[in-house]
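The next block holds one structure in the form of C-alpha cells; read it before the comments.
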Amino acid sequence: MNTPPTLLALAIGIALVAPLHAAESTDAAHDTPTTLNALQVIATPRGAAVAPTQVVGPNRYVINATDLDSMVSGNNGLSMLKNVPGASYTATDGLGLDISATSLFVRGFRMNEMGITFEGVPLNDNGFLSLTGTSVVNVGVPDGIGSITVSPGGAPVSVFSSSVNGGSLEYRLRDLQDNPSLRIKQGVGSNNTRVTTVSGQSGQLGEHGPKLLVDLQRVSADKYQGAGTQKFLRGDLKAQQDVAWGDFTVFLSDSKAAVWGYNNISFDMIRKLGWKADSFYPDYAWAYYVASPENADTSCGAYTCGELSELIPYDTGQVTRDRVASINHRFQITPALSGNVQLYNANSHTQATLTDPTVPSPNGAPFSEQVQTPHLNRLGGMFNLQFETGAHTLTTGFWQEKSKAAAKTEWYQQPLLGQGKPLKATGPFDVYGPAFQTDNASSWVTRSRQFYLHDNYAVTDTLVLGLGFKAVDFTTTGGGIGEAAERPVSGTLRAKSNFLPHVSLYWSPTERTDAFIDLVNTMNGYRVAQRGNIGYTASAWTISDQKEFDRVAGTLRPEKNWNLTVGASHRFDRLTVTGDVFYNDIRNRLLSAAIGTQFAQINTVRLMPKMHVIGADLGITADLTDYLQFYQGIALARSYYDSDFVVGDTVYPIKGNAQPGYPQLSLVSDLSAHFGDWRFGATSTSYLRQPFTYENDIRVPTFWQVNAYTAYTLGPDSLLPGLELRLDVSNLFNRNNIGTATIAGSSFSGDYQTLQRSAPRQVMFSTLITF
C-alpha cells in the first residue's frame with residue numbers, strides 16, 4: 001500500500017461520515033455549547049479546537065476520559081497513551097492482556113524507565129516479570145480511569161518512584177459523584193471475545209456518609225492464531241469519607257489473569273513458516289514427535305525437527321495475581337497549609353510458563369514445563385505538604401518503601417504420550433508431582449527513599465518560575481540463595497543522590513497561548529531481574545558468574561538523565577497547535593545484549609557511559625467543520641550511543657547507533673465526528689525507522705494500523721433512552737504488522753527470536769447503558 005497513512009485515514013473518515021452529514025436533520029444543533037476534544041466533536045460551533053493532550057504545566061499534559069472515545073472497551077491502561085507526544089505503543093493481542101508482549105516507549109524511555117503511579121500509589125518498574133514493581137496493565141479497570149497526567153520527558157520531583165529516569169504517568173480513577181449511578185457495558189467480538197464491565201457509584205450515603213465507586217471487568221477471548229484462551233478479571237474500589245478538616249480515601253485494586261501466550265518469532269521464522277508460527281498446542285502428539293531426540297535430524301518442513309523444537313514450544317503463557325491497597329488522608333491545617341499522608345501495600349505473583357525441550361521430563365517425555373515464579377510484596381508510605389504564601393506555592397514530601405522479592409525457575413513433568421493429559425500453560429503444574437528441578441532461586445530486599453522540595457513562584461500574572469530538587473536513595477541487596485552449584489550471583493547495589501534539580505518556566509501571555517521551558521535531572525535505582533529471565537530488563541543480577549558480577553559492580557554507576565524540553569501551545573479559532581523540542585543526556589545506562597534461546601537466555605551486561613536522545617513533537621488539531629475534527633501528531637526522536645560495546649577483547653561497533661526497539665518517526669492521525677446521536681472516528685498510527693539490533697543492521701518493518709468506530713445513542717423517545725450501540729474495527733486493513741519487537745531483549749546484530757506479531761483485523765460490537 002503506497003497511500004500515505006495520514007491521507008488514507010482522512011479519506012476513510014470522510015467516507016464514513018459524509019453520507020450521514022448529507023442526511024443530517026436541521027435540529028441537530030443545540031443551544032448549549034459543549035466542550036470539544038480531539039476524539040469527539042459535538043454538533044455545536046465553538047471558538048477553538050482542543051488538543052487530545054492538553055498542556056497543564058511545563059512539559060505536563062493531561063488526558064481526560066472524555067478524550068478517549070476511540071478506546072476499545074477492555075483495552076489496557078497503556079493503550080491510552082497513543083496520542084501522547086513522542087509515545088509509541090504496541091501489543092501482541094488485540095486488548096493488550098499479555099503483559100509480556102505489551103510495549104510503551106515515550107521519548108526513548110521504555111515503560112519500566114518511567115515513574116508511574118495509580119491513585120497516588122507508586123508502581124515502580126512496569127516491566128514483565130518485574131521484581132520491584134507492579135504493571136499498570138494489572139491495576140484497576142481501564143474503563144474506570146478518569147484522567148492521566150503525563151510528563152513525557154522528565155518527571156516532576158513530586159512523583160515517587162524507584163524506576164523514574166524518563167517521564168511520568170499519573171493515573172486517577174473517575175471522580176466520586178454526589179448522586180448514584182450505574183454503567184453496564186457488554187462487548188462481543190472476534191475470536192470469541194467477551195468484555196463485561198460494570199461500574200457503579202453510590203453517591204453521598206446519608207447526610208454525612210461516604211461516597212463509593214466500584215468497577216468490575218471480565219475479559220475472555222480465544223487466541224487469534226493457534227489455540228488457547230486469554231482470561232482477565234479485574235476490579236477496583238474507591239471510597240471517600242469527608243471530615244471537617246479534609247477527607248479519608250481508601251483504594252483497592254485486584255486482578256487475576258490466565259493468559260495463553262503467543263510464541264516469539266524471528267525474521268527467519270517469518271520467511272520460512274509464515275506469520276502463524278505459533279505454539280503446537282493442542283497437538284501434543286506432534287510436539288512430542290518434533291521434540292523427541294531420535295527425530296532431531298529428521299525433516300520437519302523448513303527446519304529439522306531438532307531445530308524446530310527449539311523455535312516453537314508446545315505451549316506458553318502466564319498466570320498473574322496483583323493486589324494494591326492504600327489509604328490516603330488529605331488535611332487542611334490552615335487556609336494556606338494543606339497536605340496528605342498515604343500508606344499502601346502491593347502484592348504481585350506471576351507464573352510464566354514455556355514448554356522446554358532442553359530439559360526432558362524424568363519419565364522420558366522429551367520436554368518439561370518451565371515455570372518462572374517471581375513474587376513481590378511492597379509496603380510504603382508518603383507524606384506531602386503544600387504551603388501558599390504571597391506569590392509562592394511551596395510543596396515538599398517524603399516517600400519510603402520496602403520491597404521483598406523472590407524468584408526461581410521450576411520444571412514440572414509432562415506425561416508420556418498417551419498416558420495422561422498434558423499440563424496446561426495456565427496450570428495447575430503439579431499434576432504429575434512437584435517440580436523435579438529448580439534453578440536460579442534468588443531473593444532481594446529493596447529500600448527506596450525520596451525527599452523533594454519545590455517552589456512555584458508567580459513572577460507575574462502570566463509567568464511562573466518553578467525551582468525544586470529531590471534526593472533519592474535506592475538500595476537493593478540479594479541475589480542467589482540455596483546450595484546450588486550454579487547459584488546465581490548476589491550482592492548489594494546502591495543508587496543515591498542528595499540533589500537532583502528541576503527548573504522550569506511556564507508563560508501564558510494570553511488565554512490562548514502557553515509556553516514552557518523544563519530542565520530536570522533524574523536518577524533511577526538499579527534494576528532487578530532473575531538470571532535466565534526472558535525479557536529486556538538490563539540487570540547486573542543476570543550476569544552468570546560471581547567474579548564477573550563483582551568486577552562489573554565495581555564499575556557501575558547509577559543511571560542519570562538530564563532532560564531539557566522547550567514547548568508551546570496556541571489555540572486559534574479553529575486550530576490548536578502544540579509543539580516541543582527535547583534533548584536527553586543519559587549517563588551510565590546499563591545495556592543488556594541477549595543471546596541464546598528463549599529457553600535459556602544469556603545476557604551480556606555492560607555500562608554505556610553516555611548516550612543522547614534528541615527529538616521534536618508536533619500536534620495539530622483542527623475543526624474542519626462544526627461537526628468534524630482532525631488531529632495530526634508527528635514525533636521525531638533520534639538516540640545515539642557515544643561509544644562501542646566492549647566485551648573482553650571483542651568490540652561491538654554501536655557508537656552513533658540508535659537504541660533498538662524505539663521508532664525514530666511516529667505518525668498519529670485521527671478524524672472524528674459527531675452528528676446528532678451518531679459518532680464516528682478513524683485513527684491511523686505509523687511507526688517508522690525502528691532499529692532491531694544494537695548495531696542497527698536490521699530494522700523492523702514499518703508498523704501501520706488503522707482503527708475505526710461507529711457509535712449510536714438512542715434518543716429520549718426510544719424504548720431504552722441513552723443506550724449506546726457501538727462497532728469498533730481495529731487493524732481495518734488486516735495488515736501483517738510486527739507488534740512488540742524486543743520481548744526477549746535485543747541482540748548485538750543479526751536475527752533473533754524476540755518478535756511477536758500484532759493482532760489481525762478485530763471487530764467488536766458493544767452496548768452501553770447508564771442509569
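Residue numbers start at 1 in each chain; chains themselves are named A, B, ... in the order of the C-alpha cells; ligands are numbered from 1 in the order shown.
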Hey, what's within 8 Å of range 702-713 of chain A if we count only C-alpha atoms and toss same-chain stuff fewer than 4 positions away? As number ranges by chain, please? A: 5, 9, 70, 677-690, 721-733, 735, 737-739
Go through range 240-484 of chain A and collect every residue that DSSP, computed from the backbone, puts in helix (DSSP H, G or I); the answer should be as an NGL selection string. :A and (267-273 or 284-291 or 293-295 or 305-309)
CA of Asn328 in chain A and CA of Asn340 in chain A are how many Å apart? 6.9 Å
Assign secondary structure with DSSP using the backbone only, and return the residues of range 416-494 of chain A in strand (DSSP E) as a PyMOL selection string. chain A and resi 437-458+463-480+490-494
What are the nearest atom pairs, with distances in Å to one decimal, for all residues of range 363-419 of chain A that come at most 9 Å from range 145-160 of chain A, using only C-alpha atoms, set out by chain and rising residue number as a tab-separated table?
residue	atom	partner	partner_atom	distance
A:Met382	CA	A:Phe160	CA	8.6
A:Asn384	CA	A:Ser158	CA	8.8
A:Thr395	CA	A:Ser158	CA	8.3
A:Thr396	CA	A:Ser158	CA	7.7
A:Gly397	CA	A:Ser158	CA	7.2
A:Phe398	CA	A:Phe160	CA	8.7
A:Trp399	CA	A:Phe160	CA	6.8
Let me see the file: selected residues, N, CA and C atoms, as a short mmCIF file (atom, residue, chain, number, x, y, z; two decimals), in the first residue's frame.
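The new file result_38.cif reads:
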data_model
loop_
_atom_site.label_atom_id
_atom_site.label_comp_id
_atom_site.auth_asym_id
_atom_site.auth_seq_id
_atom_site.Cartn_x
_atom_site.Cartn_y
_atom_site.Cartn_z
N MET A 382 3.93 7.76 52.24
CA MET A 382 4.42 9.06 51.79
C MET A 382 3.70 10.16 52.55
N ASN A 384 3.08 14.52 52.19
CA ASN A 384 3.24 15.72 51.37
C ASN A 384 2.63 16.92 52.08
N THR A 395 5.89 23.18 48.00
CA THR A 395 5.48 21.81 48.23
C THR A 395 6.70 21.00 48.65
N THR A 396 6.46 20.06 49.54
CA THR A 396 7.54 19.17 49.99
C THR A 396 6.94 17.82 50.34
N GLY A 397 7.76 16.79 50.28
CA GLY A 397 7.25 15.46 50.58
C GLY A 397 8.35 14.46 50.81
N PHE A 398 7.96 13.33 51.42
CA PHE A 398 8.91 12.25 51.71
C PHE A 398 8.22 10.93 51.42
N TRP A 399 8.98 9.99 50.83
CA TRP A 399 8.46 8.66 50.49
C TRP A 399 9.45 7.60 50.96
#
So the first atom is CA of Asp751 in chain A and the second is CA of Phe128 in chain A; what is the distance between them in Å, to one decimal place?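 CA of Phe128 in chain A lies 22.3 Å from CA of Asp751 in chain A.
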Using only C-alpha atoms, which residues sit within 12 Å of Thr513 in chain A once same-chain residues fewer than 6 positions away are excluded, as a ChimeraX atom specification? /A:48,54-56,462-463,506-507,567-572,576-579
Suppose you want the space between CA of Gly133 in chain A and CA of Ser100 in chain A; what is it in Å?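 Pair CA of Gly133 in chain A / CA of Ser100 in chain A returns 14.4 Å.
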